[in-house]
$ cat run-v1.cif   # mmCIF, C-alpha atoms and all ligand atoms
data_run
#
loop_
_atom_site.label_atom_id
_atom_site.label_comp_id
_atom_site.auth_asym_id
_atom_site.auth_seq_id
_atom_site.Cartn_x
_atom_site.Cartn_y
_atom_site.Cartn_z
CA MET A 1 -35.33 10.11 9.92
CA GLU A 2 -35.65 11.77 6.52
CA LYS A 3 -34.18 10.59 3.24
CA LEU A 4 -31.68 13.09 1.79
CA ASN A 5 -32.18 15.08 -1.37
CA THR A 6 -29.23 14.46 -3.73
CA GLU A 7 -30.52 16.15 -6.89
CA GLY A 8 -27.36 18.31 -7.07
CA SER A 9 -25.18 15.19 -7.28
CA LYS A 10 -27.41 13.79 -9.99
CA ALA A 11 -27.18 16.97 -12.07
CA LEU A 12 -23.41 17.35 -11.64
CA PHE A 13 -22.85 13.72 -12.59
CA ALA A 14 -24.89 14.18 -15.79
CA LYS A 15 -22.81 17.24 -16.67
CA THR A 16 -19.44 15.62 -15.85
CA LYS A 17 -20.27 12.67 -18.11
CA MET A 18 -20.25 15.08 -21.05
CA TYR A 19 -16.51 15.59 -20.58
CA LEU A 20 -15.13 12.80 -18.40
CA VAL A 21 -15.41 9.15 -19.45
CA GLU A 22 -18.21 7.56 -17.43
CA GLY A 23 -18.25 10.70 -15.26
CA VAL A 24 -15.77 9.25 -12.77
CA ALA A 25 -11.99 9.24 -12.34
CA SER A 26 -11.90 5.58 -11.21
CA SER A 27 -14.44 2.94 -12.22
CA PHE A 28 -14.79 2.19 -8.51
CA HIS A 29 -16.12 5.70 -7.81
CA LYS A 30 -19.53 4.64 -9.11
CA ALA A 31 -20.87 1.36 -7.79
CA ALA A 32 -22.48 -1.09 -10.22
CA GLY A 33 -26.23 -0.48 -10.19
CA GLU A 34 -25.87 2.97 -8.64
CA GLU A 35 -27.81 5.52 -10.70
CA TYR A 36 -25.35 8.29 -9.91
CA PRO A 37 -22.54 8.64 -7.40
CA LEU A 38 -22.51 11.36 -4.77
CA CYS A 39 -20.61 14.47 -5.86
CA LEU A 40 -18.66 15.57 -2.82
CA GLU A 41 -17.46 19.00 -1.85
CA ARG A 42 -15.28 18.26 1.17
CA GLY A 43 -14.44 15.87 3.95
CA LYS A 44 -13.48 16.51 7.55
CA GLY A 45 -12.88 13.91 10.25
CA SER A 46 -15.36 11.03 9.91
CA LYS A 47 -17.73 13.00 7.65
CA VAL A 48 -18.02 14.01 4.01
CA TYR A 49 -20.32 16.67 2.55
CA ASP A 50 -21.97 16.59 -0.87
CA VAL A 51 -22.86 19.40 -3.28
CA ASP A 52 -26.41 19.50 -1.85
CA GLY A 53 -24.96 20.29 1.58
CA ASN A 54 -25.76 16.86 3.03
CA GLU A 55 -23.49 15.39 5.71
CA TYR A 56 -22.57 11.69 5.65
CA ILE A 57 -20.84 9.52 8.22
CA ASP A 58 -18.24 7.95 5.98
CA TYR A 59 -16.90 4.38 6.09
CA ILE A 60 -15.38 4.41 2.58
CA GLY A 61 -12.33 6.31 3.81
CA GLY A 62 -11.24 7.41 0.34
CA PHE A 63 -11.13 3.65 -0.47
CA GLY A 64 -8.76 3.06 2.42
CA PRO A 65 -6.21 5.86 2.83
CA MET A 66 -8.15 8.02 5.29
CA LEU A 67 -7.24 6.09 8.45
CA LEU A 68 -6.81 9.41 10.27
CA GLY A 69 -10.09 10.73 8.87
CA TYR A 70 -10.50 13.41 6.23
CA SER A 71 -8.18 16.42 6.26
CA PRO A 72 -6.23 15.34 9.39
CA GLU A 73 -4.50 18.24 11.15
CA ALA A 74 -1.14 16.52 11.69
CA VAL A 75 -0.86 15.57 8.02
CA ASN A 76 -2.10 18.98 6.86
CA ARG A 77 0.61 20.73 8.85
CA ALA A 78 3.36 18.51 7.45
CA VAL A 79 2.10 18.88 3.89
CA VAL A 80 1.76 22.66 4.07
CA ALA A 81 5.28 22.96 5.49
CA GLN A 82 6.62 20.78 2.66
CA VAL A 83 4.74 22.72 -0.03
CA GLU A 84 6.81 25.75 0.96
CA ARG A 85 10.00 23.72 0.46
CA GLY A 86 9.01 22.11 -2.86
CA SER A 87 6.76 19.24 -3.80
CA GLN A 88 8.94 17.27 -6.15
CA LEU A 89 12.67 17.39 -5.63
CA SER A 90 13.61 14.15 -7.44
CA ALA A 91 16.39 13.51 -4.98
CA THR A 92 17.20 11.73 -1.77
CA THR A 93 16.16 13.91 1.16
CA VAL A 94 16.51 13.77 4.92
CA SER A 95 12.78 13.00 5.19
CA LEU A 96 13.03 10.14 2.71
CA CYS A 97 15.86 8.62 4.72
CA GLN A 98 13.79 9.01 7.91
CA LEU A 99 10.77 7.35 6.31
CA ALA A 100 12.76 4.43 4.89
CA LYS A 101 14.39 3.88 8.29
CA LYS A 102 11.05 4.09 10.09
CA LEU A 103 9.46 1.50 7.79
CA THR A 104 12.31 -0.92 8.39
CA GLU A 105 11.75 -0.48 12.13
CA ILE A 106 7.99 -1.06 12.15
CA ILE A 107 7.36 -3.61 9.37
CA PRO A 108 8.61 -7.08 10.32
CA CYS A 109 9.73 -8.17 6.81
CA ALA A 110 11.34 -4.83 5.92
CA GLU A 111 15.11 -5.15 5.75
CA ARG A 112 14.98 -2.77 2.80
CA VAL A 113 12.22 -0.68 1.20
CA SER A 114 11.56 1.04 -2.09
CA PHE A 115 8.78 3.36 -3.22
CA GLN A 116 6.13 3.75 -5.88
CA ASN A 117 2.94 5.85 -6.09
CA SER A 118 0.19 3.22 -6.10
CA GLY A 119 -0.53 -0.34 -5.05
CA THR A 120 -0.80 -1.38 -8.69
CA GLU A 121 2.73 -0.28 -9.51
CA ALA A 122 4.16 -1.59 -6.26
CA ASN A 123 2.72 -5.07 -6.85
CA MET A 124 4.09 -5.03 -10.42
CA HIS A 125 7.48 -4.22 -8.93
CA ALA A 126 7.11 -7.04 -6.39
CA PHE A 127 6.34 -9.52 -9.21
CA ARG A 128 9.45 -8.39 -11.04
CA LEU A 129 11.63 -8.66 -7.94
CA ALA A 130 10.39 -12.20 -7.28
CA ARG A 131 11.12 -13.21 -10.86
CA ALA A 132 14.54 -11.58 -10.85
CA TYR A 133 15.47 -13.24 -7.57
CA THR A 134 14.23 -16.76 -8.37
CA GLY A 135 14.83 -16.83 -12.12
CA LYS A 136 11.31 -18.33 -12.43
CA LYS A 137 8.22 -16.85 -14.08
CA LYS A 138 4.92 -18.04 -12.65
CA ILE A 139 2.94 -16.29 -9.95
CA ILE A 140 0.17 -17.90 -7.91
CA LYS A 141 -2.72 -15.58 -7.07
CA PHE A 142 -6.08 -16.30 -5.46
CA GLU A 143 -9.64 -15.99 -6.73
CA GLY A 144 -11.40 -12.79 -5.74
CA GLN A 145 -8.21 -10.98 -4.79
CA TYR A 146 -7.42 -7.64 -6.40
CA HIS A 147 -3.82 -6.50 -6.67
CA GLY A 148 -4.25 -3.62 -9.11
CA TRP A 149 -5.43 -2.83 -12.61
CA ALA A 150 -2.42 -3.97 -14.71
CA ASP A 151 -3.07 -6.84 -17.18
CA GLU A 152 -1.35 -9.45 -15.07
CA GLU A 153 -2.92 -8.36 -11.80
CA LYS A 154 -6.50 -8.04 -12.96
CA ILE A 155 -7.16 -11.75 -13.41
CA SER A 156 -9.99 -13.53 -11.56
CA ILE A 157 -10.69 -10.58 -9.32
CA ASP A 158 -14.43 -11.10 -9.49
CA ALA A 159 -17.06 -13.40 -10.98
CA ALA A 160 -20.78 -13.34 -11.53
CA ASN A 161 -21.22 -16.79 -9.93
CA VAL A 162 -19.34 -19.88 -8.79
CA LYS A 163 -19.83 -21.66 -12.12
CA GLU A 164 -17.89 -18.95 -13.93
CA LEU A 165 -14.89 -19.70 -11.71
CA GLY A 166 -14.58 -23.20 -13.19
CA GLU A 167 -13.22 -26.33 -11.50
CA ARG A 168 -12.02 -25.86 -7.93
CA GLN A 169 -8.88 -27.96 -8.61
CA ALA A 170 -8.01 -25.96 -11.76
CA PRO A 171 -9.89 -22.64 -11.75
CA ALA A 172 -10.52 -20.58 -14.85
CA ARG A 173 -8.44 -17.45 -15.33
CA LEU A 174 -11.02 -14.73 -15.74
CA PHE A 175 -10.30 -11.48 -17.54
CA THR A 176 -12.04 -8.33 -16.44
CA THR A 177 -11.75 -5.85 -19.22
CA ARG A 178 -11.58 -5.48 -22.95
CA GLY A 179 -8.07 -4.75 -24.12
CA GLN A 180 -6.48 -7.02 -21.52
CA ARG A 181 -3.83 -9.21 -23.18
CA ARG A 182 -4.77 -12.86 -22.77
CA GLU A 183 -1.16 -14.04 -22.82
CA THR A 184 -0.41 -12.25 -19.55
CA ALA A 185 -2.38 -14.99 -17.85
CA ASP A 186 0.08 -17.62 -19.13
CA ASP A 187 2.30 -16.95 -16.15
CA ILE A 188 -0.48 -16.64 -13.59
CA ILE A 189 -1.87 -19.63 -11.71
CA VAL A 190 -5.20 -18.97 -10.03
CA LEU A 191 -6.31 -20.96 -6.98
CA PRO A 192 -9.03 -20.77 -4.31
CA TRP A 193 -7.81 -19.16 -1.09
CA ASN A 194 -7.53 -20.74 2.38
CA ASP A 195 -6.90 -24.22 0.94
CA LEU A 196 -3.40 -25.29 1.91
CA GLU A 197 -3.75 -28.84 0.61
CA LEU A 198 -4.60 -27.78 -2.92
CA LEU A 199 -1.87 -25.15 -2.89
CA GLU A 200 0.64 -27.73 -1.70
CA ARG A 201 -0.26 -30.09 -4.53
CA VAL A 202 0.13 -27.38 -7.18
CA MET A 203 3.34 -26.06 -5.66
CA GLU A 204 4.93 -29.48 -5.47
CA GLN A 205 4.08 -30.21 -9.11
CA GLN A 206 5.28 -26.87 -10.43
CA ALA A 207 7.77 -25.52 -7.88
CA GLY A 208 10.44 -25.34 -10.57
CA GLU A 209 8.39 -22.71 -12.40
CA ILE A 210 6.80 -20.70 -9.60
CA ALA A 211 8.47 -17.43 -8.61
CA ALA A 212 5.96 -16.18 -6.06
CA VAL A 213 2.68 -16.58 -4.24
CA ILE A 214 0.87 -13.29 -3.73
CA THR A 215 -1.92 -12.98 -1.21
CA GLU A 216 -3.77 -10.46 0.84
CA PRO A 217 -3.28 -11.68 4.43
CA ILE A 218 -6.94 -10.87 5.01
CA MET A 219 -8.97 -11.10 1.84
CA CYS A 220 -10.33 -7.55 2.01
CA ASP A 221 -11.49 -7.11 -1.55
CA SER A 222 -14.21 -9.75 -1.32
CA GLY A 223 -16.09 -10.37 1.82
CA PRO A 224 -13.69 -9.62 3.54
CA ILE A 225 -12.57 -13.14 4.39
CA LEU A 226 -10.31 -14.00 7.31
CA PRO A 227 -7.48 -16.54 7.05
CA LYS A 228 -8.19 -19.90 8.67
CA PRO A 229 -6.12 -20.45 11.80
CA GLU A 230 -2.65 -21.56 10.68
CA TYR A 231 -3.30 -20.78 6.99
CA LEU A 232 -0.78 -17.95 6.77
CA ALA A 233 1.80 -19.88 8.81
CA GLY A 234 1.23 -22.89 6.52
CA LEU A 235 1.70 -20.67 3.49
CA ARG A 236 4.95 -19.40 4.98
CA ASP A 237 6.30 -22.94 5.55
CA LEU A 238 5.24 -24.17 2.13
CA THR A 239 6.74 -21.26 0.18
CA SER A 240 10.01 -21.50 2.12
CA ARG A 241 10.18 -25.24 1.45
CA CYS A 242 9.57 -24.73 -2.29
CA ARG A 243 11.93 -21.73 -2.56
CA VAL A 244 9.08 -19.53 -3.72
CA VAL A 245 8.81 -15.85 -2.72
CA LEU A 246 5.86 -15.11 -0.45
CA ILE A 247 4.36 -11.67 -1.13
CA PHE A 248 1.78 -10.14 1.19
CA ASP A 249 -0.34 -7.51 -0.51
CA GLU A 250 -0.88 -5.23 2.48
CA VAL A 251 -2.30 -2.38 0.42
CA ILE A 252 -5.44 -2.52 2.57
CA THR A 253 -4.30 -4.30 5.75
CA GLY A 254 -1.12 -2.23 6.07
CA PHE A 255 -1.34 0.26 8.97
CA ARG A 256 -5.03 -0.62 9.33
CA VAL A 257 -4.90 -3.85 11.32
CA ALA A 258 -1.68 -2.94 13.16
CA LEU A 259 1.19 -0.50 12.71
CA GLY A 260 3.30 -3.30 11.23
CA GLY A 261 0.42 -4.61 9.10
CA ALA A 262 -1.25 -8.00 9.09
CA GLN A 263 2.18 -9.64 9.23
CA GLN A 264 2.59 -8.17 12.72
CA TYR A 265 -1.02 -8.94 13.68
CA TYR A 266 -0.76 -12.63 12.67
CA GLY A 267 2.93 -13.06 13.44
CA VAL A 268 3.77 -14.37 9.96
CA THR A 269 6.60 -12.65 8.07
CA PRO A 270 6.51 -12.75 4.25
CA ASP A 271 9.53 -12.27 1.98
CA LEU A 272 8.05 -9.17 0.38
CA ALA A 273 5.11 -6.95 1.25
CA VAL A 274 3.40 -4.10 -0.50
CA PHE A 275 1.87 -1.09 1.25
CA ALA A 276 -0.13 1.83 -0.16
CA LYS A 277 -3.45 3.52 0.78
CA ALA A 278 -3.20 4.30 4.52
CA ILE A 279 0.59 4.67 4.49
CA ALA A 280 0.37 8.41 3.76
CA GLY A 281 -2.92 9.63 5.23
CA GLY A 282 -4.51 10.51 1.88
CA TYR A 283 -1.52 11.18 -0.38
CA PRO A 284 -0.31 8.85 -3.14
CA LEU A 285 2.53 6.70 -1.88
CA ALA A 286 3.28 2.99 -2.03
CA ALA A 287 6.14 1.01 -0.53
CA ILE A 288 7.61 -2.40 -1.26
CA ALA A 289 9.33 -3.87 1.76
CA GLY A 290 11.22 -7.10 2.12
CA LYS A 291 14.28 -9.23 2.58
CA ARG A 292 17.45 -7.50 1.56
CA GLU A 293 18.62 -10.16 -0.91
CA ILE A 294 15.31 -10.02 -2.82
CA MET A 295 14.94 -6.24 -2.67
CA GLU A 296 18.48 -5.92 -4.00
CA ALA A 297 18.01 -8.44 -6.82
CA GLY A 298 18.92 -5.79 -9.40
CA VAL A 299 15.50 -4.40 -10.40
CA PRO A 300 15.47 -0.61 -10.82
CA ALA A 301 12.53 1.18 -9.19
CA ALA A 302 11.70 3.78 -11.84
CA GLY A 303 9.01 6.45 -11.52
CA THR A 304 9.08 10.26 -11.79
CA PHE A 305 6.93 10.85 -8.74
CA ASN A 306 8.27 8.00 -6.59
CA ALA A 307 8.44 9.17 -2.98
CA ASN A 308 7.66 12.77 -3.90
CA ALA A 309 8.35 15.13 -1.04
CA ILE A 310 4.67 15.81 -0.22
CA ALA A 311 3.77 12.13 0.09
CA VAL A 312 6.86 11.46 2.19
CA ALA A 313 5.99 14.32 4.57
CA ALA A 314 2.40 13.05 4.78
CA SER A 315 3.58 9.52 5.50
CA LEU A 316 5.95 10.54 8.29
CA ALA A 317 3.17 12.59 9.89
CA THR A 318 0.68 9.72 9.55
CA ILE A 319 3.02 7.18 11.09
CA GLY A 320 3.81 9.68 13.86
CA VAL A 321 0.13 9.64 14.86
CA LEU A 322 -0.22 5.86 14.51
CA GLU A 323 2.78 5.15 16.74
CA ASP A 324 0.64 5.93 19.75
CA GLU A 325 -0.58 2.46 20.85
CA GLN A 326 -3.84 3.97 22.09
CA VAL A 327 -4.85 4.53 18.48
CA TYR A 328 -5.28 0.83 17.70
CA ARG A 329 -6.90 0.15 21.07
CA ARG A 330 -9.47 2.84 20.39
CA LEU A 331 -10.11 1.57 16.85
CA GLU A 332 -10.72 -1.89 18.28
CA GLN A 333 -13.19 -0.48 20.81
CA LEU A 334 -15.10 1.33 18.09
CA GLY A 335 -15.10 -1.77 15.89
CA GLY A 336 -16.39 -3.76 18.86
CA LEU A 337 -19.30 -1.35 19.30
CA PHE A 338 -20.22 -1.59 15.63
CA VAL A 339 -19.99 -5.38 15.60
CA GLN A 340 -21.99 -5.84 18.80
CA GLY A 341 -24.65 -3.41 17.62
CA MET A 342 -25.03 -5.01 14.20
CA ARG A 343 -25.20 -8.52 15.65
CA MET A 344 -27.95 -7.45 18.05
CA LEU A 345 -29.93 -5.79 15.29
CA GLY A 346 -29.57 -8.87 13.12
CA GLU A 347 -31.00 -11.02 15.94
CA THR A 348 -33.82 -8.57 16.65
CA TYR A 349 -34.95 -8.28 13.04
CA GLY A 350 -34.27 -11.89 12.04
CA ILE A 351 -31.68 -10.83 9.45
CA PRO A 352 -28.83 -13.34 9.27
CA LEU A 353 -25.52 -11.52 9.22
CA PHE A 354 -21.84 -12.01 9.95
CA CYS A 355 -20.06 -9.04 11.47
CA GLN A 356 -16.51 -8.89 12.77
CA ALA A 357 -13.75 -6.31 13.15
CA VAL A 358 -9.99 -6.56 12.70
CA GLY A 359 -8.16 -3.36 13.66
CA SER A 360 -9.86 -0.59 11.74
CA ILE A 361 -11.57 -2.88 9.22
CA CYS A 362 -15.08 -4.12 9.93
CA ILE A 363 -16.55 -7.00 7.98
CA LEU A 364 -20.26 -7.19 7.23
CA MET A 365 -21.98 -9.95 5.26
CA PHE A 366 -25.63 -10.82 5.04
CA GLY A 367 -27.35 -14.15 4.48
CA LEU A 368 -25.04 -16.15 6.76
CA LYS A 369 -23.87 -16.15 10.37
CA ASN A 370 -20.43 -17.72 10.33
CA GLY A 371 -18.38 -16.03 7.65
CA VAL A 372 -16.86 -17.84 4.68
CA ASP A 373 -13.55 -19.47 3.76
CA ASP A 374 -13.01 -18.40 0.18
CA PHE A 375 -14.41 -16.44 -2.74
CA ARG A 376 -16.50 -19.38 -4.03
CA HIS A 377 -18.08 -19.77 -0.64
CA TYR A 378 -18.74 -16.01 -0.51
CA LEU A 379 -20.40 -15.96 -3.94
CA ALA A 380 -22.53 -18.99 -3.07
CA ALA A 381 -23.54 -18.11 0.48
CA ALA A 382 -23.45 -14.35 1.05
CA ASP A 383 -26.47 -12.26 0.14
CA ILE A 384 -24.54 -9.69 -1.88
CA ASP A 385 -27.71 -8.13 -3.32
CA TYR A 386 -28.98 -7.41 0.17
CA TYR A 387 -25.63 -5.88 1.09
CA ASP A 388 -25.89 -3.57 -1.93
CA LEU A 389 -29.45 -2.69 -1.01
CA PHE A 390 -28.28 -1.90 2.53
CA VAL A 391 -25.53 0.36 1.16
CA ARG A 392 -27.93 2.21 -1.17
CA GLU A 393 -30.45 2.75 1.60
CA ALA A 394 -27.80 3.84 4.11
CA ARG A 395 -26.59 6.51 1.71
CA GLN A 396 -30.09 7.97 1.59
CA TYR A 397 -30.02 8.28 5.38
CA GLY A 398 -26.57 9.89 5.51
CA VAL A 399 -24.22 6.92 6.00
CA ARG A 400 -21.71 6.02 3.30
CA PHE A 401 -20.40 2.44 2.88
CA THR A 402 -18.41 0.78 0.07
CA ALA A 403 -20.78 -1.12 -2.22
CA ARG A 404 -20.59 -4.89 -2.70
CA ARG A 405 -17.37 -5.52 -0.81
CA GLY A 406 -18.60 -5.76 2.77
CA ARG A 407 -15.55 -3.87 3.93
CA ILE A 408 -16.09 -1.01 6.33
CA TYR A 409 -13.24 1.34 7.20
CA LEU A 410 -13.06 3.05 10.56
CA SER A 411 -10.84 6.05 11.16
CA THR A 412 -9.34 7.56 14.28
CA GLU A 413 -11.95 10.32 13.90
CA HIS A 414 -15.03 8.12 14.18
CA SER A 415 -16.80 8.54 17.49
CA GLU A 416 -19.22 6.51 19.62
CA ALA A 417 -21.89 8.96 18.43
CA ASP A 418 -21.10 8.08 14.78
CA ILE A 419 -21.45 4.38 15.52
CA SER A 420 -24.66 4.91 17.41
CA ARG A 421 -26.15 7.00 14.57
CA THR A 422 -25.01 4.35 12.06
CA LEU A 423 -26.75 1.64 14.07
CA GLN A 424 -29.95 3.70 14.11
CA VAL A 425 -29.78 3.90 10.32
CA ALA A 426 -29.15 0.14 10.09
CA GLU A 427 -32.13 -0.48 12.34
CA ARG A 428 -34.32 1.68 10.15
CA ILE A 429 -33.20 -0.23 7.03
CA PHE A 430 -33.72 -3.62 8.69
CA ALA A 431 -37.19 -2.60 9.81
CA GLU A 432 -38.07 -1.49 6.28
CA THR A 433 -36.59 -4.50 4.49
CA LYS A 434 -36.95 -7.44 6.88
CA ASN A 435 -39.66 -9.04 4.81
CA ARG A 436 -37.60 -9.04 1.68
CA LYS A 437 -36.95 -12.60 0.58
CA ALA A 438 -33.44 -13.70 1.64
CA LYS A 439 -31.11 -15.29 -0.92
C1 LIG A 501 -5.46 -5.33 -1.96
C2 LIG A 501 -5.16 -4.30 -3.02
N1 LIG A 501 -4.02 -4.37 -3.69
C3 LIG A 501 -3.70 -3.46 -4.63
C4 LIG A 501 -4.56 -2.43 -4.94
C5 LIG A 501 -4.21 -1.43 -5.99
O1 LIG A 501 -3.81 -0.25 -5.38
P1 LIG A 501 -3.94 1.15 -6.14
O2 LIG A 501 -5.39 1.42 -6.32
O3 LIG A 501 -3.25 2.11 -5.22
O4 LIG A 501 -3.24 0.99 -7.43
C6 LIG A 501 -5.77 -2.32 -4.25
C7 LIG A 501 -6.70 -1.22 -4.55
O5 LIG A 501 -7.81 -1.14 -4.11
C8 LIG A 501 -6.09 -3.28 -3.27
O6 LIG A 501 -7.25 -3.22 -2.60
#
$ encode --input "run-v1.cif" --output "structure tokens" --more "lines below"
Ligand SMILES: Cc1ncc(COP(=O)(O)O)c(C=O)c1O
Amino acid sequence: MEKLNTEGSKALFAKTKMYLVEGVASSFHKAAGEEYPLCLERGKGSKVYDVDGNEYIDYIGGFGPMLLGYSPEAVNRAVVAQVERGSQLSATTVSLCQLAKKLTEIIPCAERVSFQNSGTEANMHAFRLARAYTGKKKIIKFEGQYHGWADEEKISIDAANVKELGERQAPARLFTTRGQRRETADDIIVLPWNDLELLERVMEQQAGEIAAVITEPIMCDSGPILPKPEYLAGLRDLTSRCRVVLIFDEVITGFRVALGGAQQYYGVTPDLAVFAKAIAGGYPLAAIAGKREIMEAGVPAAGTFNANAIAVAASLATIGVLEDEQVYRRLEQLGGLFVQGMRMLGETYGIPLFCQAVGSICILMFGLKNGVDDFRHYLAAADIDYYDLFVREARQYGVRFTARRGRIYLSTEHSEADISRTLQVAERIFAETKNRKAK
């Protein structure tokens, strides 16, 4: 097994930096500590190809959207047909009506839907709907959860260590970027996740001010971390009791863990939910779905490109493929193979790891065997440095994972052969690094 030569990526990155800020279009396109990101030429199925002609088995999935793999035929056909009819009609269309109807049929909370282009915008819209409906201002969000890059959303999404997070009972509100207005945090309450008792205490004290609780149903942006049994149901009861809007951020879990999202998978229906990423097989589309009385609380959904015709066509084609129940069964089988293989390798090489799969999302953490309950626990217990080392090494052997997050996306195009090759690469890395001192 040879390490790949990526000199072309290095050179192109150096050149791009002369014109494009930081050389990337999203700060997430270059992982912290990565000398240079791969410059890619194309993607097909479960693979991407860089400018040096190297092939990679890809588990980044375009940061989530590519549930059907890269350049999926069904979506390509729908998009090409729509291109001929116009990309941006700025009007209600037959396809838009079909998509809205379809979403109300498959998403449990969706009595009505509206559209945006990205998860960031859709969550901002959900915040506004919750405030309009309740007449209250504050939003509870959880440490380590990312809901987008707007000022109000980008609070306490990450931390260098547990100390930085402050007191567990009253966590600090951490800002992530220069230029972020501090006063936006005035209406945000930050809490640790998976702790119903603490949430209950805060909600009962401040219910008169709290408009909404927003949560990822599975905490995919750190860890990922699974909800404790009964946590989501408890959250549902508590928010109903306190007349607070429960928002599920299903930007990642939507369509990935089940056709109807994590709310279908766990059987817990929120008041509002936000979908993006995998909803349109690689095209920019986001949807807000929810109870009619909240969705119709009088908040206009502005946006030039909202539900543009290309994204709508792509979404209908994507959902058409996902409606076949076999799809999720197959994704579960593949996830099972990955999980089993990684657990066995961990045992063989004495590398403690936690590996689990939910739908098309696999979870991989090093340094522990039983997973974690919240972001503090993750920061304290998971060997994040080893995970990053694993990701860097895997890239050199032709396997591409998302850095730091521990979140591995499968697509319908991954095969048993891909998983088996990936496990060979993991074995190679474990063999080479097993004597590294664990955290
Ligand atoms: C859970 C979650 N919510 C919201 C967002 C923001 O979505 P977008 O990048 O489409 O603005 C992301 C993006 O990664 C996300 O992971």
$ residues_near_ligand --input "run-v1.cif" --ligand "ligand LIG 501 (chain A)" --cutoff "6 Å" --atoms "only C-alpha atoms and all ligand atoms" --output "list in words"
Ser118, Gly119, Thr120, Tyr146, His147, Gly148, Asp221, Asp249, Val251, Ile252 and Ala276 of chain A
$ closest_atom_pairs --input "run-v1.cif" --of "range 211-248 of chain A" --to "range 187-195 of chain A" --cutoff "12 Å" --atoms "only C-alpha atoms" --output "CSV"
residue,atom,partner,partner_atom,distance
A:Ala211,CA,A:Asp187,CA,9.8
A:Ala212,CA,A:Ile188,CA,9.9
A:Val213,CA,A:Ile189,CA,9.3
A:Ile214,CA,A:Val190,CA,10.4
A:Thr215,CA,A:Trp193,CA,8.5
A:Glu216,CA,A:Trp193,CA,9.8
A:Pro217,CA,A:Asn194,CA,10.2
A:Ile218,CA,A:Asn194,CA,10.2
A:Met219,CA,A:Trp193,CA,8.7
A:Ser222,CA,A:Trp193,CA,11.4
A:Ile225,CA,A:Asn194,CA,9.3
A:Leu226,CA,A:Asn194,CA,8.8
A:Pro227,CA,A:Asn194,CA,6.3
A:Lys228,CA,A:Asn194,CA,6.4
A:Pro229,CA,A:Asn194,CA,9.5
A:Glu230,CA,A:Asn194,CA,9.7
A:Tyr231,CA,A:Asn194,CA,6.3
A:Leu232,CA,A:Asn194,CA,8.5
A:Ala233,CA,A:Asn194,CA,11.4
A:Gly234,CA,A:Asn194,CA,9.9
A:Leu235,CA,A:Asn194,CA,9.3
$ residues_around --input "run-v1.cif" --residues "range 284-300 of chain A" --least-positions-apart "6" --cutoff "10 Å" --atoms "all atoms listed in the file" --output "JSON, numbers by chain"
{"A": [65, 100, 103, 104, 107, 108, 109, 110, 111, 112, 113, 114, 115, 116, 117, 118, 119, 120, 121, 122, 123, 125, 126, 128, 129, 130, 131, 132, 133, 134, 245, 246, 247, 248, 249, 250, 251, 269, 270, 271, 272, 273, 274, 275, 276, 277, 278, 306, 307, 308, 310, 311, 312, 314, 315]}
$ closest_residue --input "run-v1.cif" --among "A:Phe375, A:Tyr349, A:Phe354, A:Phe13" --to "Gly144 in chain A" --atoms "only C-alpha atoms"
A:Phe375
$ atom_distance --input "run-v1.cif" --atom1 "CA of Gly303 in chain A" --atom2 "CA of Val83 in chain A"
20.4 Å
$ residues_around --input "run-v1.cif" --residues "range 29-31 of chain A" --least-positions-apart "2" --cutoff "10 Å" --atoms "only C-alpha atoms" --output "PyMOL selection string"
chain A and resi 22-27+33-38+62-63+388+392+402-404
$ residues_around --input "run-v1.cif" --residues "Asp50 in chain A" --least-positions-apart "4" --cutoff "8 Å" --atoms "all atoms listed in the file" --output "PyMOL selection string"
chain A and resi 9+38-42+54-55
$ closest_residue --input "run-v1.cif" --among "A:Arg77, A:Lys369, A:Arg241, A:Arg421" --to "Asp58 in chain A" --atoms "only C-alpha atoms"
A:Arg421
$ closest_residue --input "run-v1.cif" --among "A:Met66, A:Met365, A:Ala14, A:Ala74" --to "Thr412 in chain A" --atoms "only C-alpha atoms"
A:Met66
$ residues_around --input "run-v1.cif" --residues "Gln340 in chain A" --least-positions-apart "3" --cutoff "12 Å" --atoms "only C-alpha atoms" --output "PyMOL selection string"
chain A and resi 332-337+343-347+353-357+362+364+419-420+423
$ closest_residue --input "run-v1.cif" --among "A:Thr6, A:Ser71, A:Thr422, A:Asn435" --to "Gly53 in chain A" --atoms "all atoms listed in the file"
A:Thr6
$ atom_distance --input "run-v1.cif" --atom1 "CA of Tyr387 in chain A" --atom2 "CA of Ala170 in chain A"
29.6 Å
$ atom_distance --input "run-v1.cif" --atom1 "CA of Ile60 in chain A" --atom2 "CA of Arg407 in chain A"
8.4 Å
$ closest_residue --input "run-v1.cif" --among "A:Gly320, A:Gly359, A:Gly341, A:Gly166" --to "Gly254 in chain A" --atoms "only C-alpha atoms"
A:Gly359
$ closest_residue --input "run-v1.cif" --among "A:Cys220, A:Ile429, A:Ile279, A:Leu165" --to "Gly260 in chain A" --atoms "all atoms listed in the file"
A:Ile279
$ residues_around --input "run-v1.cif" --residues "Leu12 in chain A" --least-positions-apart "5" --cutoff "9 Å" --atoms "all atoms listed in the file" --output "ChimeraX atom specification"
/A:7,17,39,51
$ axis_aligned_box --input "run-v1.cif" --around "range 69-79 of chain A" --padding-each-side "6 Å" --output "AutoDock Vina command-line options"
--center_x -3.6 --center_y 15.7 --center_z 7.8 --size_x 25.9 --size_y 22.0 --size_z 19.8
